[in-house]
file query34.tsv (TSV, C-alpha atoms)
chain	number	residue	atom	x	y	z
A	18	MET	CA	-10.43	8.58	-9.93
A	19	ARG	CA	-8.27	11.24	-11.51
A	20	CYS	CA	-5.54	10.50	-14.07
A	21	LEU	CA	-2.27	12.43	-14.01
A	22	ARG	CA	0.89	12.23	-16.03
A	23	ILE	CA	3.84	12.64	-13.69
A	24	VAL	CA	6.95	14.10	-15.27
A	25	GLY	CA	9.89	15.32	-13.22
A	26	LEU	CA	13.42	16.63	-13.27
A	27	THR	CA	16.54	14.52	-13.10
A	28	SER	CA	18.64	14.08	-10.00
A	29	ASN	CA	22.41	14.35	-10.06
A	30	GLY	CA	22.55	11.33	-7.79
A	31	ALA	CA	22.79	10.74	-4.09
A	32	ASN	CA	26.58	10.68	-4.06
A	33	SER	CA	27.36	13.48	-6.50
A	34	GLY	CA	27.35	16.29	-3.97
A	35	GLN	CA	24.68	18.07	-6.00
A	36	SER	CA	20.94	17.71	-5.62
A	37	THR	CA	18.42	18.92	-8.18
A	38	ARG	CA	15.16	20.07	-6.66
A	39	TYR	CA	12.32	17.93	-7.88
A	40	ALA	CA	9.12	19.67	-8.92
A	41	ILE	CA	6.21	17.88	-10.58
A	42	ASP	CA	2.53	18.66	-10.77
A	43	LEU	CA	1.03	16.63	-7.95
A	44	PRO	CA	-1.95	17.47	-5.76
A	45	GLY	CA	-1.04	18.70	-2.31
A	46	LEU	CA	-1.17	16.18	0.52
A	47	ALA	CA	-2.99	17.98	3.32
A	48	ALA	CA	-2.72	16.98	6.97
A	49	GLY	CA	-5.05	14.07	7.68
A	50	GLU	CA	-5.54	13.36	3.98
A	51	VAL	CA	-4.79	10.09	2.21
A	52	HIS	CA	-3.84	9.64	-1.44
A	53	THR	CA	-3.74	6.41	-3.44
A	54	TRP	CA	-1.90	5.92	-6.72
A	55	LEU	CA	-2.62	3.03	-9.08
A	56	LEU	CA	0.30	2.47	-11.46
A	57	ALA	CA	1.36	-0.04	-14.09
A	58	ILE	CA	4.47	-2.09	-13.41
A	59	ASP	CA	7.32	-0.39	-15.25
A	60	ALA	CA	9.31	-2.94	-17.24
A	61	ASP	CA	12.15	-0.43	-17.58
A	62	ALA	CA	12.26	0.86	-14.01
A	63	ASP	CA	15.35	3.00	-13.43
A	64	SER	CA	17.37	1.13	-10.83
A	65	THR	CA	19.87	4.01	-10.66
A	66	LEU	CA	17.35	5.83	-8.46
A	67	LEU	CA	17.59	3.10	-5.85
A	68	SER	CA	19.92	3.12	-2.88
A	69	ALA	CA	22.84	0.72	-2.66
A	70	GLU	CA	20.86	-1.40	-0.20
A	71	GLU	CA	17.82	-1.49	-2.50
A	72	ARG	CA	20.00	-2.52	-5.45
A	73	ARG	CA	21.61	-5.23	-3.33
A	74	ARG	CA	18.19	-6.58	-2.40
A	75	ALA	CA	17.09	-6.47	-6.04
A	76	ASP	CA	20.18	-8.41	-7.12
A	77	GLU	CA	19.28	-11.16	-4.66
A	78	ILE	CA	15.87	-11.72	-6.30
A	79	ARG	CA	16.30	-14.54	-8.79
A	80	ASP	CA	12.89	-14.39	-10.45
A	81	ASP	CA	12.97	-11.76	-13.21
A	82	ARG	CA	9.33	-10.74	-12.74
A	83	HIS	CA	9.70	-10.33	-8.99
A	84	ARG	CA	12.90	-8.34	-9.45
A	85	GLN	CA	11.12	-6.11	-11.97
A	86	ARG	CA	8.25	-5.50	-9.54
A	87	PHE	CA	10.67	-4.71	-6.73
A	88	CYS	CA	12.58	-2.14	-8.81
A	89	SER	CA	9.38	-0.65	-10.21
A	90	ALA	CA	7.78	-0.30	-6.77
A	91	HIS	CA	10.83	1.29	-5.17
A	92	SER	CA	11.43	3.62	-8.11
A	93	ALA	CA	7.77	4.66	-8.14
A	94	ILE	CA	7.63	5.47	-4.44
A	95	ARG	CA	10.83	7.52	-4.73
A	96	ARG	CA	9.36	9.51	-7.62
A	97	LEU	CA	6.06	10.08	-5.85
A	98	LEU	CA	7.77	11.16	-2.64
A	99	ALA	CA	9.97	13.45	-4.71
A	100	GLY	CA	6.88	15.09	-6.12
A	101	TYR	CA	5.32	15.59	-2.71
A	102	THR	CA	8.47	16.78	-0.93
A	103	GLY	CA	10.65	18.45	-3.57
A	104	ILE	CA	13.57	16.14	-2.80
A	105	ALA	CA	15.21	14.45	-5.79
A	106	PRO	CA	14.28	10.74	-6.04
A	107	ALA	CA	17.80	9.35	-5.63
A	108	ASP	CA	18.43	11.63	-2.63
A	109	ILE	CA	15.50	10.35	-0.58
A	110	THR	CA	16.42	8.30	2.48
A	111	PHE	CA	14.24	6.14	4.66
A	112	ASP	CA	13.85	5.27	8.31
A	113	TYR	CA	12.44	1.90	9.35
A	114	SER	CA	10.07	0.90	12.11
A	115	ARG	CA	11.02	-1.85	14.51
A	116	HIS	CA	8.97	-4.20	12.32
A	117	GLY	CA	10.91	-3.14	9.22
A	118	LYS	CA	8.28	-0.91	7.62
A	119	PRO	CA	9.95	1.92	5.62
A	120	ARG	CA	9.04	5.57	6.04
A	121	LEU	CA	10.42	8.85	4.77
A	122	ALA	CA	13.25	10.07	6.98
A	123	ARG	CA	11.93	12.94	9.08
A	124	SER	CA	15.26	14.71	8.77
A	125	GLN	CA	14.48	15.36	5.09
A	126	THR	CA	11.08	17.01	5.30
A	127	PHE	CA	8.73	18.72	7.73
A	128	LEU	CA	5.95	16.42	6.50
A	129	ALA	CA	5.64	13.16	8.41
A	130	ILE	CA	4.61	11.31	5.26
A	131	GLN	CA	3.72	7.66	5.76
A	132	PHE	CA	3.24	5.26	2.89
A	133	SER	CA	2.44	1.68	1.99
A	134	VAL	CA	3.10	-0.19	-1.24
A	135	SER	CA	1.46	-3.28	-2.72
A	136	HIS	CA	1.85	-4.96	-6.07
A	137	THR	CA	0.15	-7.81	-7.88
A	138	HIS	CA	0.24	-9.14	-11.42
A	139	ASP	CA	1.19	-5.99	-13.40
A	140	ARG	CA	-0.09	-3.24	-11.11
A	141	LEU	CA	1.33	-1.17	-8.25
A	142	LEU	CA	-0.80	0.50	-5.60
A	143	ILE	CA	0.73	3.12	-3.31
A	144	GLY	CA	-1.00	4.79	-0.38
A	145	LEU	CA	0.34	7.99	1.20
A	146	SER	CA	-0.73	9.85	4.32
A	147	ALA	CA	0.47	13.15	5.77
A	148	ASN	CA	-0.52	12.19	9.29
A	149	GLY	CA	-0.75	8.62	10.52
A	150	GLU	CA	0.37	5.20	9.42
A	151	VAL	CA	-1.34	3.59	6.45
A	152	GLY	CA	-1.59	0.08	5.03
A	153	ILE	CA	-2.66	-0.89	1.53
A	154	ASP	CA	-3.17	-4.09	-0.44
A	155	ILE	CA	-4.12	-4.93	-4.02
A	156	GLU	CA	-4.85	-8.38	-5.38
A	157	PHE	CA	-5.40	-9.75	-8.87
A	158	LEU	CA	-8.73	-11.58	-8.98
A	159	ARG	CA	-7.42	-15.05	-9.64
A	160	ASP	CA	-9.82	-17.83	-10.53
A	161	ASP	CA	-7.41	-20.70	-9.85
A	162	ILE	CA	-7.57	-20.75	-6.06
A	163	ASP	CA	-9.96	-22.42	-3.63
A	164	TYR	CA	-11.01	-19.20	-1.91
A	165	LEU	CA	-13.54	-20.92	0.35
A	166	ALA	CA	-10.84	-23.23	1.74
A	167	ILE	CA	-8.64	-20.20	2.43
A	168	ALA	CA	-11.57	-18.39	4.05
A	169	ARG	CA	-12.37	-21.35	6.30
A	170	ARG	CA	-8.76	-21.42	7.48
A	171	HIS	CA	-8.01	-17.71	7.87
A	172	PHE	CA	-11.32	-15.83	8.23
A	173	SER	CA	-13.61	-15.42	11.21
A	174	ALA	CA	-16.91	-17.29	11.34
A	175	SER	CA	-18.87	-14.12	10.60
A	176	GLU	CA	-16.69	-13.30	7.59
A	177	LEU	CA	-17.13	-16.78	6.16
A	178	ARG	CA	-20.87	-16.46	6.71
A	179	ALA	CA	-20.90	-13.09	4.94
A	180	ILE	CA	-19.25	-14.68	1.92
A	181	LEU	CA	-21.46	-17.78	1.83
A	182	ASN	CA	-24.63	-15.70	2.19
A	183	ARG	CA	-23.88	-13.91	-1.07
A	184	PRO	CA	-24.84	-15.27	-4.50
A	185	LYS	CA	-22.30	-17.75	-5.86
A	186	ALA	CA	-21.20	-15.34	-8.58
A	187	MET	CA	-20.35	-12.69	-5.97
A	188	GLN	CA	-18.54	-14.84	-3.42
A	189	ALA	CA	-15.06	-14.54	-4.93
A	190	ALA	CA	-15.30	-10.74	-4.96
A	191	ALA	CA	-16.37	-10.78	-1.30
A	192	PHE	CA	-13.43	-13.04	-0.45
A	193	PHE	CA	-10.91	-10.71	-2.07
A	194	ARG	CA	-12.52	-7.69	-0.42
A	195	CYS	CA	-12.09	-9.36	2.96
A	196	TRP	CA	-8.56	-10.54	2.23
A	197	THR	CA	-7.29	-7.16	1.04
A	198	GLY	CA	-8.85	-5.54	4.11
A	199	LYS	CA	-7.06	-7.94	6.43
A	200	GLU	CA	-3.71	-7.54	4.71
A	201	ALA	CA	-4.06	-3.75	4.64
A	202	ILE	CA	-4.61	-3.75	8.41
A	203	THR	CA	-1.56	-5.91	9.08
A	204	LYS	CA	0.54	-3.55	6.93
A	205	VAL	CA	-0.47	-0.44	8.91
A	206	ARG	CA	2.02	-1.44	11.60
A	207	GLY	CA	4.26	-3.49	9.32
A	208	GLN	CA	3.17	-6.76	10.90
A	209	GLY	CA	2.53	-8.54	7.60
A	210	LEU	CA	0.74	-11.88	7.72
A	211	ARG	CA	2.43	-13.09	10.91
A	212	CYS	CA	-0.71	-12.98	13.04
A	213	ASP	CA	-3.83	-15.13	13.07
A	214	LEU	CA	-6.13	-13.41	10.56
A	215	SER	CA	-9.20	-15.08	12.03
A	216	LYS	CA	-8.77	-13.07	15.25
A	217	PHE	CA	-10.29	-9.96	13.67
A	218	ARG	CA	-12.89	-9.30	11.02
A	219	THR	CA	-13.11	-6.85	8.14
A	220	LEU	CA	-16.37	-7.95	6.55
A	221	ASP	CA	-19.80	-7.74	8.19
A	222	ASP	CA	-22.81	-9.82	7.20
A	223	ASP	CA	-23.89	-7.06	4.82
A	224	ALA	CA	-20.43	-7.20	3.16
A	225	SER	CA	-19.52	-3.70	4.40
A	226	LEU	CA	-15.91	-3.02	5.37
A	227	ARG	CA	-15.32	-2.64	9.08
A	228	ALA	CA	-12.60	-3.76	11.46
A	229	ARG	CA	-11.79	-3.89	15.14
A	230	VAL	CA	-8.73	-5.87	16.13
A	231	VAL	CA	-9.22	-7.06	19.70
A	232	ALA	CA	-6.97	-8.74	22.22
A	233	GLY	CA	-6.24	-12.37	21.52
A	234	THR	CA	-3.53	-14.85	22.41
A	235	ASP	CA	-2.31	-14.88	18.79
A	236	THR	CA	-2.87	-11.19	18.05
A	237	PRO	CA	0.19	-8.91	18.34
A	238	HIS	CA	-0.42	-6.07	20.77
A	239	ALA	CA	0.72	-3.52	18.17
A	240	LEU	CA	-2.08	-4.64	15.85
A	241	ARG	CA	-4.95	-4.08	18.28
A	242	GLY	CA	-7.24	-1.12	17.82
A	243	CYS	CA	-10.05	0.23	15.67
A	244	TYR	CA	-9.27	0.71	12.00
A	245	ARG	CA	-10.95	2.59	9.24
A	246	LEU	CA	-11.10	0.62	6.00
A	247	HIS	CA	-11.88	1.90	2.55
A	248	ALA	CA	-12.27	0.07	-0.75
A	249	VAL	CA	-9.88	1.52	-3.35
A	250	ASP	CA	-11.05	2.04	-6.91
A	251	THR	CA	-9.17	-0.23	-9.31
A	252	GLU	CA	-9.30	-1.40	-12.86
A	253	PRO	CA	-11.45	-4.46	-13.68
A	254	GLY	CA	-9.84	-7.67	-12.48
A	255	TYR	CA	-8.35	-6.22	-9.30
A	256	CYS	CA	-9.47	-5.63	-5.73
A	257	ALA	CA	-7.84	-3.28	-3.23
A	258	SER	CA	-8.30	-1.86	0.27
A	259	ILE	CA	-6.60	0.79	2.39
A	260	ALA	CA	-6.52	0.96	6.20
A	261	MET	CA	-5.64	3.50	8.88
A	262	LEU	CA	-6.09	3.60	12.61
A	263	GLU	CA	-9.48	5.20	13.21
A	264	ALA	CA	-8.12	7.43	15.98
A	265	THR	CA	-5.96	9.22	13.41
A	266	HIS	CA	-8.88	10.89	11.66
A	267	GLY	CA	-11.85	10.39	13.95
A	268	THR	CA	-14.97	9.95	11.85
A	269	ALA	CA	-13.59	11.71	8.76
A	270	TYR	CA	-11.42	9.96	6.22
A	271	PRO	CA	-10.46	12.25	3.30
A	272	LEU	CA	-9.34	9.91	0.52
A	273	ARG	CA	-8.24	11.03	-2.95
A	274	GLN	CA	-7.54	8.42	-5.60
A	275	PHE	CA	-5.38	8.79	-8.71
A	276	ILE	CA	-4.14	6.79	-11.66
A	277	GLY	CA	-0.64	7.66	-12.85
A	278	SER	CA	-0.46	7.23	-16.61
A	279	ALA	CA	3.32	7.68	-16.48
A	280	ILE	CA	6.06	8.34	-13.98
A	281	SER	CA	9.31	9.38	-15.55
A	282	VAL	CA	12.37	11.48	-14.84
call {"tool": "encode", "arguments": {"input": "query34.tsv", "output": "structure tokens"}}
result
Amino acid sequence: MRCLRIVGLTSNGANSGQSTRYAIDLPGLAAGEVHTWLLAIDADADSTLLSAEERRRADEIRDDRHRQRFCSAHSAIRRLLAGYTGIAPADITFDYSRHGKPRLARSQTFLAIQFSVSHTHDRLLIGLSANGEVGIDIEFLRDDIDYLAIARRHFSASELRAILNRPKAMQAAAFFRCWTGKEAITKVRGQGLRCDLSKFRTLDDDASLRARVVAGTDTPHALRGCYRLHAVDTEPGYCASIAMLEATHGTAYPLRQFIGSAISV
């Protein structure tokens, strides 16, 4: 995983009538390629970069930590998209899918960049794709939950078996690998955790990541299909997965992973 320091130029603001081009040293996002960025939650996230709607949503969050994560995540994705597109962070606008998943407005760039954001504890994980929808999830490896009870309720029989067949010391890691895979898949189409997670599996008996969402009475039609899952490198104490529809890339899945040591304007 490569580390980069991301430093950019300031924007004159979305409503100023002037827009500063944004140029920072980021790797190019080639067609069919996927990038992941692991970032620390920014306690001083610049809310001035956010849109009026984003600021309104932030103001409605009563919990200070959750509000901080919201502002940090939205500021970070604006800065990253600015680096990939050359559009100033505050000038970026979004379209939304019918399920509410945000995406970069196609009117702003010739790149159909798709992205997914996840945060946990004090870390942000952002996945970006130049061609095809992407879903990502990161979880802090908590030791205060009954993961087997959760697995029995939400995982398939084969996934539960894959966890129980592993040594006791490795079962929690297998649980989080399975959980992040499932959540990443639901976020590809912006479904979230509305569907029955036991209707599809992400963990085989050998604990390898694999997924095929098949028709089921409780499975949304938009979620069905074959997905390509990949474990994302993280710092100790975290687990993360990224998912894309397999048809997007065929058998190839170019994935480049980065840690941002700083994102500032």
call {"tool": "closest_atom_pairs", "arguments": {"input": "query34.tsv", "of": "region 41-108 of chain A", "to": "region 239-258 of chain A", "cutoff": "10 Å", "atoms": "all atoms listed in the file", "output": "CSV"}}
result
residue,atom,partner,partner_atom,distance
A:Thr53,CA,A:Val249,CA,7.8
A:Trp54,CA,A:Val249,CA,9.7
A:Leu55,CA,A:Thr251,CA,7.3
call {"tool": "write_last_selection", "arguments": {"input": "query34.tsv", "atoms": "C-alpha atoms", "output": "CSV table (one decimal), in the coordinates of the input"}}
result
chain,number,residue,atom,x,y,z
A,53,THR,CA,-3.7,6.4,-3.4
A,54,TRP,CA,-1.9,5.9,-6.7
A,55,LEU,CA,-2.6,3.0,-9.1
call {"tool": "closest_residue", "arguments": {"input": "query34.tsv", "among": "A:Met261, A:Leu145, A:Ala129, A:Ala60", "to": "Arg86 (chain A)", "atoms": "all atoms listed in the file"}}
result
A:Ala60
call {"tool": "closest_residue", "arguments": {"input": "query34.tsv", "among": "A:Ser124, A:Lys216, A:Ser175, A:Ile259", "to": "Arg194 (chain A)", "atoms": "all atoms listed in the file"}}
result
A:Ile259
call {"tool": "atom_distance", "arguments": {"input": "query34.tsv", "atom1": "CA of Gly103 (chain A)", "atom2": "CA of Leu66 (chain A)"}}
result
15.1 Å
call {"tool": "closest_residue", "arguments": {"input": "query34.tsv", "among": "A:Ser89, A:Pro119, A:Gly45, A:Ser133", "to": "Ser64 (chain A)", "atoms": "only C-alpha atoms"}}
result
A:Ser89
call {"tool": "residues_around", "arguments": {"input": "query34.tsv", "residues": "Asp59 (chain A)", "least_positions_apart": "2", "cutoff": "10 Å", "atoms": "all atoms listed in the file", "output": "mmCIF file with C-alpha atoms, in the coordinates of the input"}}
result
data_model
loop_
_atom_site.group_PDB
_atom_site.id
_atom_site.type_symbol
_atom_site.label_atom_id
_atom_site.label_comp_id
_atom_site.auth_asym_id
_atom_site.auth_seq_id
_atom_site.Cartn_x
_atom_site.Cartn_y
_atom_site.Cartn_z
ATOM 1 C CA LEU A 56 0.300 2.470 -11.460
ATOM 2 C CA ALA A 57 1.360 -0.040 -14.090
ATOM 3 C CA ASP A 61 12.150 -0.430 -17.580
ATOM 4 C CA ALA A 62 12.260 0.860 -14.010
ATOM 5 C CA ASP A 63 15.350 3.000 -13.430
ATOM 6 C CA GLN A 85 11.120 -6.110 -11.970
ATOM 7 C CA ARG A 86 8.250 -5.500 -9.540
ATOM 8 C CA CYS A 88 12.580 -2.140 -8.810
ATOM 9 C CA SER A 89 9.380 -0.650 -10.210
ATOM 10 C CA ALA A 90 7.780 -0.300 -6.770
ATOM 11 C CA SER A 92 11.430 3.620 -8.110
ATOM 12 C CA ALA A 93 7.770 4.660 -8.140
ATOM 13 C CA ASP A 139 1.190 -5.990 -13.400
ATOM 14 C CA ARG A 140 -0.090 -3.240 -11.110
ATOM 15 C CA LEU A 141 1.330 -1.170 -8.250
ATOM 16 C CA ALA A 279 3.320 7.680 -16.480
ATOM 17 C CA ILE A 280 6.060 8.340 -13.980
ATOM 18 C CA SER A 281 9.310 9.380 -15.550
#
call {"tool": "closest_residue", "arguments": {"input": "query34.tsv", "among": "A:His52, A:Arg169, A:Arg206, A:Lys199", "to": "Leu97 (chain A)", "atoms": "only C-alpha atoms"}}
result
A:His52
call {"tool": "closest_residue", "arguments": {"input": "query34.tsv", "among": "A:Ala75, A:Ala179, A:Ala189, A:Leu46", "to": "Gly100 (chain A)", "atoms": "only C-alpha atoms"}}
result
A:Leu46
call {"tool": "atom_distance", "arguments": {"input": "query34.tsv", "atom1": "CA of Asp160 (chain A)", "atom2": "CA of Gln274 (chain A)"}}
result
26.8 Å
call {"tool": "atom_distance", "arguments": {"input": "query34.tsv", "atom1": "CA of Glu176 (chain A)", "atom2": "CA of Thr197 (chain A)"}}
result
13.0 Å
call {"tool": "closest_residue", "arguments": {"input": "query34.tsv", "among": "A:Ile78, A:Leu98, A:Ala47, A:Ala174", "to": "Pro271 (chain A)", "atoms": "all atoms listed in the file"}}
result
A:Ala47
call {"tool": "residues_around", "arguments": {"input": "query34.tsv", "residues": "Val134 (chain A)", "least_positions_apart": "4", "cutoff": "7 Å", "atoms": "all atoms listed in the file", "output": "PyMOL selection string"}}
result
chain A and resi 142-144+153
call {"tool": "residues_near_point", "arguments": {"input": "query34.tsv", "point": "(-11.1, -21.9, -1.5)", "cutoff": "12 Å", "atoms": "all atoms listed in the file", "output": "PyMOL selection string"}}
result
chain A and resi 159-172+177+180-181+188-189+192-193
